[in-house]
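Input: a single structure, listed below in structure tokens.
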Amino acid sequence: MEAWLQAQLNALLLMLALPTVGLPAVFIIAFVSATLLPLGSEPAVFALVKLSPELFWPAILVATLGNTLGGAVTWWMGYGAERMVERATHKPMTEGRALRWLHRFGARACLLSWLPIVGDPLCAVAGWLRLPFWPCVLYMALGKFARYVCMTVALLYLWPSG
């Protein structure tokens, strides 16, 4: 049994190995990390770029796409949750100070979706508040793109080839 489990684990690790799968692995990791699951995608982007420097821009773009699509799914989760609560209680939720702040900034607040800890819930709250979907997605993409560029360049600076 132990040998079988070890073989399955090795097969899974081989399947997810960045040199073998590369950009699809970055996309999946970035997508999953943009939901409410606690997972960081920057190490995967950095590892791929470190192994294949010519994939810098493709890795940044694929990670941005995956993370933005994950943020869009989170927006829809927030939208659906708000509608379910409204149907269950038969009245709209009252807004607190943070929600009023978010409402005031509108879709532009999704520019901060790249932030650790609060970024993913911010996408859900944007859906909860029914902020316009496509502008939210645009601002999510801009923020996430800037984060991937900055983080990858910083990590390459800290751990240069050598």
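Residues are named by chain letter and number: chains run A, B, ... in the order of the structure tokens, numbers start at 1 in each chain, and ligands are numbered from 1 in the order shown.
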
_Backbone DSSP call of helix (DSSP H, G or I) for chain A, listed as a ChimeraX atom specification_ = /A:2-16,18-21,23-33,42-51,53-89,97-114,119-128,133-158

Against stretch 39-45 of chain A, which residues of stretch 49-77 of chain A fall within 8 Å? For each one I want the closest pair of atoms and the distance in Å (one decimal), counting only C-alpha atoms, rows by chain and increasing residue number, as CSV.
```
residue,atom,partner,partner_atom,distance
A:Val49,CA,A:Val45,CA,6.2
A:Ala59,CA,A:Val45,CA,6.2
A:Ile60,CA,A:Val45,CA,7.2
A:Ala63,CA,A:Val45,CA,7.1
```

_Contacts of A:Pro53 at 12 Å (only C-alpha atoms; same-chain gap of 3+ positions) as a VMD selection string_ = chain A and resid 19 45 to 50 56 to 60 152 to 153 156 160 to 161

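Closest approach to A:Tyr148 among A:Ser52, A:Thr35, A:Gln6, A:Asn67 is made by A:Asn67 (distances from only C-alpha atoms).
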
*asked:* Applying 10 Å and only C-alpha atoms, which residues near A:Tyr139 remain after dropping the ones on its own chain fewer than 4 positions away? List them as a ChimeraX atom specification.
replied: /A:68,107-113,134-135,143-145

Pull N, CA, C and O atoms from the residues just selected and write them as a CSV table (one decimal), in the first residue's frame.
```
chain,number,residue,atom,x,y,z
A,68,THR,N,-7.0,36.6,-12.9
A,68,THR,CA,-8.1,37.5,-13.2
A,68,THR,C,-9.4,36.7,-13.3
A,68,THR,O,-10.5,37.0,-12.8
A,107,ALA,N,-15.9,50.1,-9.0
A,107,ALA,CA,-15.1,49.1,-9.7
A,107,ALA,C,-13.6,49.4,-9.5
A,107,ALA,O,-12.8,48.4,-9.5
A,108,ARG,N,-13.2,50.7,-9.4
A,108,ARG,CA,-11.8,51.0,-9.2
A,108,ARG,C,-11.2,50.3,-8.0
A,108,ARG,O,-10.0,50.1,-7.9
A,109,ALA,N,-12.0,50.0,-7.0
A,109,ALA,CA,-11.5,49.4,-5.8
A,109,ALA,C,-10.9,48.0,-6.1
A,109,ALA,O,-10.0,47.5,-5.4
A,110,CYS,N,-11.4,47.4,-7.2
A,110,CYS,CA,-10.8,46.1,-7.6
A,110,CYS,C,-9.4,46.1,-8.0
A,110,CYS,O,-8.7,45.1,-8.2
A,111,LEU,N,-8.9,47.3,-8.2
A,111,LEU,CA,-7.5,47.5,-8.5
A,111,LEU,C,-6.6,47.0,-7.4
A,111,LEU,O,-5.5,46.5,-7.6
A,112,LEU,N,-7.2,47.0,-6.2
A,112,LEU,CA,-6.5,46.5,-5.0
A,112,LEU,C,-6.7,45.0,-4.8
A,112,LEU,O,-6.3,44.4,-3.8
A,113,SER,N,-7.3,44.3,-5.8
A,113,SER,CA,-7.5,42.8,-5.6
A,113,SER,C,-6.2,42.0,-5.6
A,113,SER,O,-6.2,40.9,-5.2
A,134,TRP,N,-17.7,43.9,-15.8
A,134,TRP,CA,-16.6,44.1,-16.7
A,134,TRP,C,-15.6,45.2,-16.2
A,134,TRP,O,-14.4,44.9,-16.3
A,135,PRO,N,-16.0,46.3,-15.7
A,135,PRO,CA,-15.0,47.2,-15.1
A,135,PRO,C,-14.3,46.6,-14.0
A,135,PRO,O,-13.1,46.9,-13.8
A,143,GLY,N,-4.4,45.4,-11.7
A,143,GLY,CA,-3.7,45.2,-10.4
A,143,GLY,C,-2.9,43.9,-10.4
A,143,GLY,O,-1.8,43.9,-9.9
A,144,LYS,N,-3.5,42.9,-10.9
A,144,LYS,CA,-2.8,41.6,-10.8
A,144,LYS,C,-1.6,41.6,-11.8
A,144,LYS,O,-0.5,41.0,-11.4
A,145,PHE,N,-1.7,42.2,-12.9
A,145,PHE,CA,-0.6,42.3,-13.9
A,145,PHE,C,0.6,43.0,-13.2
A,145,PHE,O,1.7,42.5,-13.3
```

*Leaving out A:Pro121 and any residue of its chain fewer than 6 positions from it, which residues lie within 12 Å of it when counting only C-alpha atoms, given as JSON, numbers by chain?*
{"A": [33, 34, 35, 36, 37, 38, 70, 71, 72, 73, 74, 75, 76, 77, 78, 99, 102, 109, 110, 112, 113, 114, 115, 127, 128]}

*Nearest to A:Cys123, chosen from A:Lys91, A:Cys150, A:Tyr79, A:Ala11, with only C-alpha atoms counted in the distances*: A:Tyr79

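Nearest residue to A:Val137 among A:Val32, A:Ile117, A:Leu65, A:Ala7 is A:Leu65, counting only C-alpha atoms.
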
*Hey, which of A:Gly106, A:Ile28, A:Ala154, A:Asn10 ends up closest to A:Pro132? Count only C-alpha atoms.*
A:Gly106

*So, counting only C-alpha atoms, which residue among A:Arg147, A:Ala81, A:Glu86, A:Phe133 is closest to A:Pro116?*
A:Arg147

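Across the structure, atom CA of A:Arg97 and atom CA of A:Met84 are spaced 22.2 Å apart.
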
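With only C-alpha atoms as the atoms that count, the minimum distance from A:Ala126 to the choices A:Ala3, A:Met140, A:Leu55, A:Val85 is reached by A:Met140.
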